[in-house]
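Source file: start38.cif (mmCIF, N, CA and C atoms)
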data_protein
loop_
_atom_site.label_atom_id
_atom_site.label_comp_id
_atom_site.auth_asym_id
_atom_site.auth_seq_id
_atom_site.Cartn_x
_atom_site.Cartn_y
_atom_site.Cartn_z
N MET E 1 80.71 184.12 -4.63
CA MET E 1 79.73 184.16 -3.57
C MET E 1 79.01 185.51 -3.62
N ILE E 2 77.74 185.48 -3.36
CA ILE E 2 76.91 186.69 -3.35
C ILE E 2 76.95 187.31 -1.95
N ASP E 3 77.17 188.60 -1.89
CA ASP E 3 77.11 189.31 -0.62
C ASP E 3 75.65 189.65 -0.35
N VAL E 4 75.02 188.94 0.55
CA VAL E 4 73.59 189.12 0.81
C VAL E 4 73.27 190.48 1.42
N ARG E 5 74.28 191.15 1.96
CA ARG E 5 74.04 192.49 2.52
C ARG E 5 73.88 193.54 1.44
N THR E 6 74.59 193.38 0.33
CA THR E 6 74.55 194.40 -0.72
C THR E 6 73.73 193.99 -1.95
N ALA E 7 73.38 192.74 -2.08
CA ALA E 7 72.63 192.27 -3.25
C ALA E 7 71.31 193.02 -3.45
N PRO E 8 70.54 193.31 -2.38
CA PRO E 8 69.30 194.06 -2.60
C PRO E 8 69.55 195.46 -3.17
N TYR E 9 70.68 196.06 -2.83
CA TYR E 9 71.02 197.38 -3.37
C TYR E 9 71.44 197.26 -4.83
N ALA E 10 72.14 196.18 -5.17
CA ALA E 10 72.52 195.95 -6.56
C ALA E 10 71.27 195.76 -7.42
N ALA E 11 70.31 195.01 -6.92
CA ALA E 11 69.05 194.82 -7.65
C ALA E 11 68.32 196.15 -7.81
N PHE E 12 68.37 196.99 -6.79
CA PHE E 12 67.75 198.31 -6.84
C PHE E 12 68.40 199.17 -7.92
N VAL E 13 69.73 199.22 -7.96
CA VAL E 13 70.44 200.03 -8.95
C VAL E 13 70.12 199.53 -10.36
N LEU E 14 70.15 198.23 -10.55
CA LEU E 14 69.81 197.65 -11.85
C LEU E 14 68.37 198.00 -12.22
N ARG E 15 67.47 197.91 -11.27
CA ARG E 15 66.06 198.19 -11.51
C ARG E 15 65.86 199.64 -11.96
N ILE E 16 66.52 200.57 -11.32
CA ILE E 16 66.40 201.98 -11.70
C ILE E 16 66.94 202.21 -13.11
N ALA E 17 68.10 201.64 -13.41
CA ALA E 17 68.70 201.81 -14.74
C ALA E 17 67.84 201.16 -15.83
N LEU E 18 67.39 199.95 -15.59
CA LEU E 18 66.61 199.23 -16.59
C LEU E 18 65.24 199.88 -16.81
N GLY E 19 64.57 200.25 -15.74
CA GLY E 19 63.28 200.93 -15.87
C GLY E 19 63.40 202.25 -16.60
N SER E 20 64.43 203.01 -16.27
CA SER E 20 64.67 204.30 -16.93
C SER E 20 64.94 204.11 -18.42
N MET E 21 65.70 203.07 -18.75
CA MET E 21 66.01 202.80 -20.15
C MET E 21 64.75 202.47 -20.93
N PHE E 22 63.88 201.63 -20.37
CA PHE E 22 62.65 201.28 -21.07
C PHE E 22 61.78 202.52 -21.29
N ILE E 23 61.66 203.36 -20.29
CA ILE E 23 60.87 204.57 -20.42
C ILE E 23 61.49 205.50 -21.47
N ALA E 24 62.80 205.64 -21.44
CA ALA E 24 63.49 206.50 -22.41
C ALA E 24 63.27 206.00 -23.84
N HIS E 25 63.32 204.71 -24.04
CA HIS E 25 63.12 204.16 -25.38
C HIS E 25 61.68 204.31 -25.84
N ALA E 26 60.73 204.20 -24.93
CA ALA E 26 59.33 204.44 -25.29
C ALA E 26 59.15 205.90 -25.69
N LEU E 27 59.71 206.82 -24.91
CA LEU E 27 59.57 208.24 -25.22
C LEU E 27 60.30 208.61 -26.51
N LEU E 28 61.39 207.94 -26.81
CA LEU E 28 62.10 208.14 -28.08
C LEU E 28 61.18 207.79 -29.25
N LYS E 29 60.48 206.66 -29.11
CA LYS E 29 59.54 206.26 -30.15
C LYS E 29 58.40 207.27 -30.30
N TYR E 30 57.99 207.86 -29.21
CA TYR E 30 56.85 208.79 -29.22
C TYR E 30 57.25 210.19 -29.71
N TYR E 31 58.31 210.75 -29.11
CA TYR E 31 58.66 212.14 -29.39
C TYR E 31 59.61 212.34 -30.56
N VAL E 32 60.53 211.41 -30.78
CA VAL E 32 61.53 211.59 -31.84
C VAL E 32 61.11 210.90 -33.13
N PHE E 33 60.89 209.60 -33.05
CA PHE E 33 60.53 208.85 -34.26
C PHE E 33 59.04 208.96 -34.56
N THR E 34 58.24 209.31 -33.60
CA THR E 34 56.78 209.35 -33.61
C THR E 34 56.23 207.93 -33.76
N LEU E 35 55.03 207.75 -33.27
CA LEU E 35 54.43 206.42 -33.36
C LEU E 35 54.16 206.01 -34.81
N PRO E 36 53.65 206.92 -35.67
CA PRO E 36 53.50 206.53 -37.08
C PRO E 36 54.85 206.19 -37.74
N GLY E 37 55.89 206.92 -37.38
CA GLY E 37 57.22 206.61 -37.91
C GLY E 37 57.72 205.27 -37.43
N THR E 38 57.44 204.94 -36.17
CA THR E 38 57.83 203.65 -35.62
C THR E 38 57.06 202.53 -36.31
N VAL E 39 55.80 202.77 -36.60
CA VAL E 39 55.00 201.79 -37.34
C VAL E 39 55.65 201.53 -38.70
N LYS E 40 56.04 202.60 -39.39
CA LYS E 40 56.67 202.45 -40.71
C LYS E 40 57.98 201.67 -40.61
N PHE E 41 58.76 201.95 -39.55
CA PHE E 41 60.01 201.21 -39.37
C PHE E 41 59.73 199.73 -39.16
N PHE E 42 58.77 199.41 -38.29
CA PHE E 42 58.42 198.01 -38.05
C PHE E 42 58.02 197.33 -39.36
N GLU E 43 57.18 198.01 -40.14
CA GLU E 43 56.75 197.44 -41.42
C GLU E 43 57.91 197.28 -42.39
N SER E 44 58.88 198.20 -42.35
CA SER E 44 60.02 198.13 -43.26
C SER E 44 60.91 196.93 -43.00
N ILE E 45 60.86 196.39 -41.77
CA ILE E 45 61.67 195.21 -41.47
C ILE E 45 60.83 193.94 -41.42
N GLY E 46 59.59 194.06 -41.91
CA GLY E 46 58.76 192.88 -42.05
C GLY E 46 57.88 192.55 -40.85
N LEU E 47 57.77 193.46 -39.90
CA LEU E 47 56.91 193.23 -38.73
C LEU E 47 55.57 193.91 -38.95
N PRO E 48 54.52 193.40 -38.32
CA PRO E 48 53.22 194.07 -38.43
C PRO E 48 53.27 195.46 -37.79
N GLY E 49 52.71 196.43 -38.45
CA GLY E 49 52.71 197.80 -37.95
C GLY E 49 52.14 197.96 -36.55
N PRO E 50 50.99 197.33 -36.24
CA PRO E 50 50.42 197.49 -34.90
C PRO E 50 51.35 197.00 -33.77
N LEU E 51 52.31 196.16 -34.10
CA LEU E 51 53.26 195.71 -33.09
C LEU E 51 54.07 196.88 -32.52
N ALA E 52 54.21 197.94 -33.30
CA ALA E 52 54.92 199.13 -32.83
C ALA E 52 54.20 199.75 -31.63
N TYR E 53 52.87 199.80 -31.70
CA TYR E 53 52.10 200.36 -30.59
C TYR E 53 52.21 199.47 -29.34
N LEU E 54 52.17 198.17 -29.56
CA LEU E 54 52.32 197.24 -28.43
C LEU E 54 53.70 197.36 -27.80
N THR E 55 54.72 197.51 -28.64
CA THR E 55 56.08 197.67 -28.14
C THR E 55 56.21 198.96 -27.34
N PHE E 56 55.67 200.05 -27.87
CA PHE E 56 55.69 201.32 -27.16
C PHE E 56 55.02 201.18 -25.80
N GLY E 57 53.84 200.60 -25.77
CA GLY E 57 53.11 200.42 -24.51
C GLY E 57 53.85 199.53 -23.53
N ALA E 58 54.42 198.44 -24.04
CA ALA E 58 55.16 197.52 -23.17
C ALA E 58 56.37 198.22 -22.56
N GLU E 59 57.07 199.01 -23.37
CA GLU E 59 58.24 199.72 -22.85
C GLU E 59 57.86 200.77 -21.82
N LEU E 60 56.80 201.52 -22.10
CA LEU E 60 56.40 202.59 -21.19
C LEU E 60 55.82 202.04 -19.89
N VAL E 61 54.87 201.15 -19.99
CA VAL E 61 54.24 200.59 -18.79
C VAL E 61 55.24 199.68 -18.05
N GLY E 62 55.92 198.84 -18.79
CA GLY E 62 56.90 197.95 -18.17
C GLY E 62 58.02 198.71 -17.49
N GLY E 63 58.53 199.73 -18.16
CA GLY E 63 59.58 200.55 -17.56
C GLY E 63 59.14 201.23 -16.29
N THR E 64 57.90 201.73 -16.30
CA THR E 64 57.36 202.39 -15.11
C THR E 64 57.21 201.40 -13.96
N LEU E 65 56.71 200.21 -14.25
CA LEU E 65 56.56 199.18 -13.21
C LEU E 65 57.92 198.75 -12.65
N ILE E 66 58.89 198.55 -13.54
CA ILE E 66 60.23 198.17 -13.08
C ILE E 66 60.82 199.29 -12.24
N LEU E 67 60.73 200.50 -12.71
CA LEU E 67 61.27 201.65 -11.97
C LEU E 67 60.68 201.73 -10.57
N ALA E 68 59.39 201.50 -10.46
CA ALA E 68 58.72 201.56 -9.16
C ALA E 68 58.99 200.34 -8.29
N GLY E 69 59.49 199.29 -8.90
CA GLY E 69 59.69 198.06 -8.14
C GLY E 69 58.39 197.30 -7.95
N ALA E 70 57.51 197.40 -8.92
CA ALA E 70 56.23 196.70 -8.87
C ALA E 70 56.34 195.43 -9.69
N TRP E 71 56.62 194.35 -9.01
CA TRP E 71 56.73 193.04 -9.64
C TRP E 71 57.79 193.03 -10.74
N SER E 72 58.93 193.65 -10.45
CA SER E 72 60.01 193.81 -11.42
C SER E 72 60.47 192.49 -12.02
N ARG E 73 60.52 191.47 -11.20
CA ARG E 73 60.98 190.16 -11.67
C ARG E 73 60.13 189.70 -12.85
N TRP E 74 58.83 189.78 -12.72
CA TRP E 74 57.92 189.27 -13.74
C TRP E 74 57.83 190.22 -14.93
N VAL E 75 57.89 191.51 -14.66
CA VAL E 75 57.83 192.49 -15.75
C VAL E 75 59.09 192.40 -16.60
N ALA E 76 60.25 192.31 -15.96
CA ALA E 76 61.51 192.19 -16.70
C ALA E 76 61.49 190.92 -17.56
N ALA E 77 61.01 189.83 -17.00
CA ALA E 77 60.94 188.58 -17.76
C ALA E 77 59.99 188.72 -18.95
N ALA E 78 58.87 189.41 -18.73
CA ALA E 78 57.90 189.60 -19.81
C ALA E 78 58.45 190.50 -20.92
N LEU E 79 59.38 191.39 -20.60
CA LEU E 79 59.94 192.29 -21.60
C LEU E 79 61.12 191.69 -22.36
N ILE E 80 61.60 190.55 -21.94
CA ILE E 80 62.72 189.91 -22.65
C ILE E 80 62.38 189.66 -24.12
N PRO E 81 61.19 189.18 -24.47
CA PRO E 81 60.89 189.02 -25.91
C PRO E 81 60.95 190.34 -26.69
N VAL E 82 60.58 191.45 -26.07
CA VAL E 82 60.69 192.75 -26.74
C VAL E 82 62.16 193.04 -27.04
N LEU E 83 63.02 192.76 -26.07
CA LEU E 83 64.45 193.01 -26.25
C LEU E 83 65.08 192.05 -27.26
N ILE E 84 64.62 190.83 -27.27
CA ILE E 84 65.11 189.88 -28.29
C ILE E 84 64.68 190.37 -29.67
N GLY E 85 63.45 190.90 -29.77
CA GLY E 85 63.00 191.48 -31.03
C GLY E 85 63.84 192.67 -31.45
N ALA E 86 64.21 193.51 -30.49
CA ALA E 86 65.07 194.66 -30.80
C ALA E 86 66.45 194.20 -31.25
N THR E 87 66.96 193.17 -30.61
CA THR E 87 68.26 192.61 -31.01
C THR E 87 68.17 192.10 -32.44
N TRP E 88 67.10 191.39 -32.74
CA TRP E 88 66.88 190.88 -34.10
C TRP E 88 66.78 192.04 -35.10
N ALA E 89 66.03 193.08 -34.74
CA ALA E 89 65.82 194.21 -35.65
C ALA E 89 67.12 194.91 -36.00
N HIS E 90 68.08 194.90 -35.08
CA HIS E 90 69.35 195.59 -35.31
C HIS E 90 70.47 194.65 -35.73
N ALA E 91 70.20 193.37 -35.82
CA ALA E 91 71.25 192.37 -36.09
C ALA E 91 71.98 192.63 -37.41
N GLY E 92 71.26 193.06 -38.41
CA GLY E 92 71.89 193.28 -39.72
C GLY E 92 72.72 194.54 -39.80
N ASN E 93 72.72 195.34 -38.74
CA ASN E 93 73.44 196.62 -38.77
C ASN E 93 74.86 196.52 -38.25
N GLY E 94 75.25 195.37 -37.77
CA GLY E 94 76.58 195.22 -37.21
C GLY E 94 76.54 195.21 -35.70
N TRP E 95 77.71 195.12 -35.12
CA TRP E 95 77.86 194.93 -33.67
C TRP E 95 77.56 196.19 -32.88
N LEU E 96 78.20 197.30 -33.19
CA LEU E 96 78.10 198.48 -32.35
C LEU E 96 76.82 199.27 -32.58
N PHE E 97 76.25 199.75 -31.50
CA PHE E 97 75.02 200.51 -31.58
C PHE E 97 75.25 201.87 -32.26
N THR E 98 76.51 202.29 -32.38
CA THR E 98 76.82 203.54 -33.07
C THR E 98 76.83 203.35 -34.59
N ALA E 99 76.66 202.12 -35.05
CA ALA E 99 76.59 201.86 -36.49
C ALA E 99 75.33 202.52 -37.05
N PRO E 100 75.33 202.81 -38.35
CA PRO E 100 74.09 203.36 -38.93
C PRO E 100 72.90 202.45 -38.61
N ASN E 101 71.83 203.05 -38.12
CA ASN E 101 70.61 202.35 -37.70
C ASN E 101 70.81 201.50 -36.45
N GLY E 102 71.91 201.65 -35.77
CA GLY E 102 72.15 200.97 -34.49
C GLY E 102 72.50 199.51 -34.65
N GLY E 103 73.54 199.10 -33.95
CA GLY E 103 73.95 197.70 -33.95
C GLY E 103 73.18 196.90 -32.91
N TRP E 104 73.58 195.66 -32.74
CA TRP E 104 72.81 194.76 -31.89
C TRP E 104 73.39 194.57 -30.50
N GLU E 105 74.57 195.13 -30.19
CA GLU E 105 75.15 194.85 -28.87
C GLU E 105 74.35 195.47 -27.72
N TYR E 106 73.78 196.65 -27.93
CA TYR E 106 73.04 197.30 -26.84
C TYR E 106 71.75 196.55 -26.51
N PRO E 107 70.89 196.23 -27.48
CA PRO E 107 69.71 195.44 -27.11
C PRO E 107 70.06 194.05 -26.59
N ALA E 108 71.15 193.47 -27.06
CA ALA E 108 71.57 192.16 -26.52
C ALA E 108 71.98 192.31 -25.05
N PHE E 109 72.71 193.37 -24.74
CA PHE E 109 73.09 193.62 -23.35
C PHE E 109 71.86 193.86 -22.48
N LEU E 110 70.91 194.61 -22.99
CA LEU E 110 69.69 194.88 -22.22
C LEU E 110 68.88 193.61 -22.01
N THR E 111 68.92 192.69 -22.95
CA THR E 111 68.27 191.40 -22.77
C THR E 111 68.87 190.68 -21.57
N VAL E 112 70.19 190.68 -21.48
CA VAL E 112 70.87 190.06 -20.35
C VAL E 112 70.54 190.80 -19.06
N ALA E 113 70.52 192.13 -19.10
CA ALA E 113 70.18 192.91 -17.90
C ALA E 113 68.77 192.60 -17.42
N ALA E 114 67.83 192.46 -18.34
CA ALA E 114 66.45 192.11 -17.95
C ALA E 114 66.41 190.70 -17.35
N LEU E 115 67.19 189.79 -17.90
CA LEU E 115 67.25 188.45 -17.34
C LEU E 115 67.82 188.48 -15.92
N VAL E 116 68.86 189.27 -15.71
CA VAL E 116 69.45 189.40 -14.37
C VAL E 116 68.42 190.00 -13.41
N GLN E 117 67.68 191.01 -13.85
CA GLN E 117 66.64 191.60 -13.01
C GLN E 117 65.58 190.56 -12.66
N ALA E 118 65.21 189.76 -13.63
CA ALA E 118 64.21 188.71 -13.38
C ALA E 118 64.73 187.70 -12.37
N LEU E 119 66.01 187.41 -12.41
CA LEU E 119 66.59 186.46 -11.46
C LEU E 119 66.75 187.07 -10.07
N LEU E 120 67.08 188.36 -10.01
CA LEU E 120 67.33 189.03 -8.72
C LEU E 120 66.05 189.43 -8.00
N GLY E 121 65.07 189.89 -8.73
CA GLY E 121 63.86 190.41 -8.11
C GLY E 121 63.95 191.92 -7.93
N ASP E 122 63.07 192.44 -7.08
CA ASP E 122 62.88 193.88 -6.94
C ASP E 122 64.04 194.62 -6.29
N GLY E 123 64.65 194.05 -5.28
CA GLY E 123 65.67 194.76 -4.53
C GLY E 123 65.06 195.72 -3.52
N LYS E 124 65.87 196.64 -3.04
CA LYS E 124 65.44 197.61 -2.02
C LYS E 124 64.48 198.65 -2.58
N LEU E 125 63.74 199.26 -1.69
CA LEU E 125 62.87 200.40 -1.99
C LEU E 125 61.89 200.10 -3.12
N ALA E 126 61.28 198.94 -3.08
CA ALA E 126 60.36 198.52 -4.13
C ALA E 126 58.92 198.62 -3.65
N TYR E 127 58.07 199.02 -4.55
CA TYR E 127 56.64 199.11 -4.28
C TYR E 127 56.08 197.75 -3.85
N SER E 128 56.54 196.69 -4.49
CA SER E 128 56.05 195.35 -4.17
C SER E 128 56.30 194.97 -2.72
N ALA E 129 57.32 195.54 -2.10
CA ALA E 129 57.62 195.21 -0.71
C ALA E 129 56.49 195.62 0.22
N LEU E 130 55.69 196.58 -0.19
CA LEU E 130 54.55 197.01 0.62
C LEU E 130 53.51 195.89 0.76
N PHE E 131 53.55 194.95 -0.17
CA PHE E 131 52.55 193.89 -0.19
C PHE E 131 53.11 192.52 0.19
N SER E 132 54.33 192.52 0.71
CA SER E 132 54.90 191.23 1.10
C SER E 132 54.13 190.68 2.30
N ARG E 133 54.15 189.40 2.45
CA ARG E 133 53.37 188.75 3.51
C ARG E 133 53.78 189.23 4.89
N GLY E 134 55.06 189.42 5.10
CA GLY E 134 55.52 189.88 6.41
C GLY E 134 55.01 191.28 6.70
N GLN E 135 55.02 192.14 5.72
CA GLN E 135 54.54 193.52 5.89
C GLN E 135 53.04 193.53 6.18
N LEU E 136 52.30 192.69 5.45
CA LEU E 136 50.84 192.66 5.67
C LEU E 136 50.50 192.11 7.04
N ARG E 137 51.21 191.06 7.46
CA ARG E 137 50.97 190.51 8.79
C ARG E 137 51.24 191.55 9.87
N ALA E 138 52.35 192.28 9.71
CA ALA E 138 52.70 193.30 10.69
C ALA E 138 51.66 194.42 10.71
N ALA E 139 51.16 194.78 9.54
CA ALA E 139 50.18 195.87 9.46
C ALA E 139 48.82 195.48 10.02
N THR E 140 48.48 194.21 9.95
CA THR E 140 47.16 193.79 10.44
C THR E 140 47.19 193.26 11.86
N ALA E 141 48.36 193.15 12.43
CA ALA E 141 48.46 192.61 13.81
C ALA E 141 48.12 193.66 14.85
#
Could the structure of this file be written out as structure tokens, please?
Amino acid sequence: MIDVRTAPYAAFVLRIALGSMFIAHALLKYYVFTLPGTVKFFESIGLPGPLAYLTFGAELVGGTLILAGAWSRWVAAALIPVLIGATWAHAGNGWLFTAPNGGWEYPAFLTVAALVQALLGDGKLAYSALFSRGQLRAATA
């Protein structure tokens, strides 16, 4: 049974962790691997190079939206294909993410976390709550 009193806080904690992770991975691609290096990696595994830029943008913008609680449900759902792609990219490296070139368990876990966020919604302290129908009615009354 779900505790309806604490579920919004659980969604909030998940949202903060997931949004932070997406932003961190985008910044890793930018500052550590560099965008040209990320393009080369994508090409080395058979993906189109420009997809690296789209992935970087999706992680950065999506992570920021999730972190803020701006339509987290839909943003998390939209990022699931990115995470499935990351799982695929690391599948040949073995299970553990500490394996050379990273294993697939971490992106697989993040795929599940994004799915849970999509199912739960924004949770507490979300930007989207400012635009809920009840809030707007109260503000205009």
With stretch 110-127 of chain E as the partner and 6.5 Å as the cut-off, tabulate the residues of stretch 8-101 of chain E that qualify, each row holding the nearest pair of atoms and their distance in Å to one decimal, using all atoms listed in the file, sorted by chain and rising number, as a Markdown table.
| residue | atom | partner | partner_atom | distance |
| --- | --- | --- | --- | --- |
| E:Pro8 | C | E:Lys124 | N | 3.9 |
| E:Tyr9 | N | E:Lys124 | N | 4.8 |
| E:Ala10 | C | E:Gly123 | CA | 6.4 |
| E:Ala11 | C | E:Gly123 | CA | 4.4 |
| E:Phe12 | N | E:Gly123 | CA | 4.2 |
| E:Ala68 | C | E:Tyr127 | N | 4.1 |
| E:Gly69 | C | E:Tyr127 | N | 3.8 |
| E:Ala70 | N | E:Tyr127 | N | 4.7 |
| E:Trp71 | N | E:Tyr127 | C | 6.2 |
| E:Ser72 | N | E:Asp122 | CA | 5.3 |
| E:Arg73 | CA | E:Ala118 | CA | 3.9 |
| E:Trp74 | N | E:Ala118 | CA | 5.5 |
| E:Ala76 | C | E:Ala114 | C | 4.9 |
| E:Ala77 | N | E:Ala118 | CA | 5.0 |
| E:Ile80 | CA | E:Thr111 | CA | 5.7 |
| E:Leu83 | CA | E:Thr111 | CA | 5.4 |
| E:Ile84 | N | E:Thr111 | CA | 5.8 |
Quiz item: Quick one, how far is atom N of E:Val61 from atom CA of E:Leu27?
Solution: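 That distance, rounded to one decimal, is 10.0 Å.
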Quiz item: In Å, with one decimal, what is the gap from atom CA of E:Phe33 to atom CA of E:Tyr53?
Solution: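 Answer for the atom CA of E:Phe33 to atom CA of E:Tyr53 separation: 12.5 Å.
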Quiz item: Near stretch 88-94 of chain E, counting all atoms listed in the file, which residues have an atom at most 5 Å away, once you skip same-chain residues fewer than 2 positions from it, shown as a ChimeraX atom specification?
Solution: /E:84-86,96,103-104
Self-check item: From E:Phe97, E:Phe109, E:Phe131, E:Phe56, residue lying nearest E:Lys29 [only N, CA and C atoms]
Solution: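 The answer is E:Phe56, which sits nearest to E:Lys29.
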Exercise. Find the distance between atom C of E:Lys40 and atom N of E:Leu67 and write it in Å to one decimal.
Key: 28.1 Å
Practice problem: Extract the full set of helix (DSSP H, G or I) residues from stretch 83-133 of chain E according to DSSP on the backbone, and format it as a ChimeraX atom specification. | Solution: /E:83-93,105-120,127-131,133
Quiz item: Which residues, written as a list in words, have at least one atom at most 8 Å from E:Glu59, with all atoms listed in the file counted and residues fewer than 6 positions away on the same chain left out?
Solution: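 What passes the distance filter is Gly19, Met21, Phe22, Ile23, Ala24, His25, Ala26, Leu27, Tyr53, Leu65, Leu79 and Val82 of chain E.
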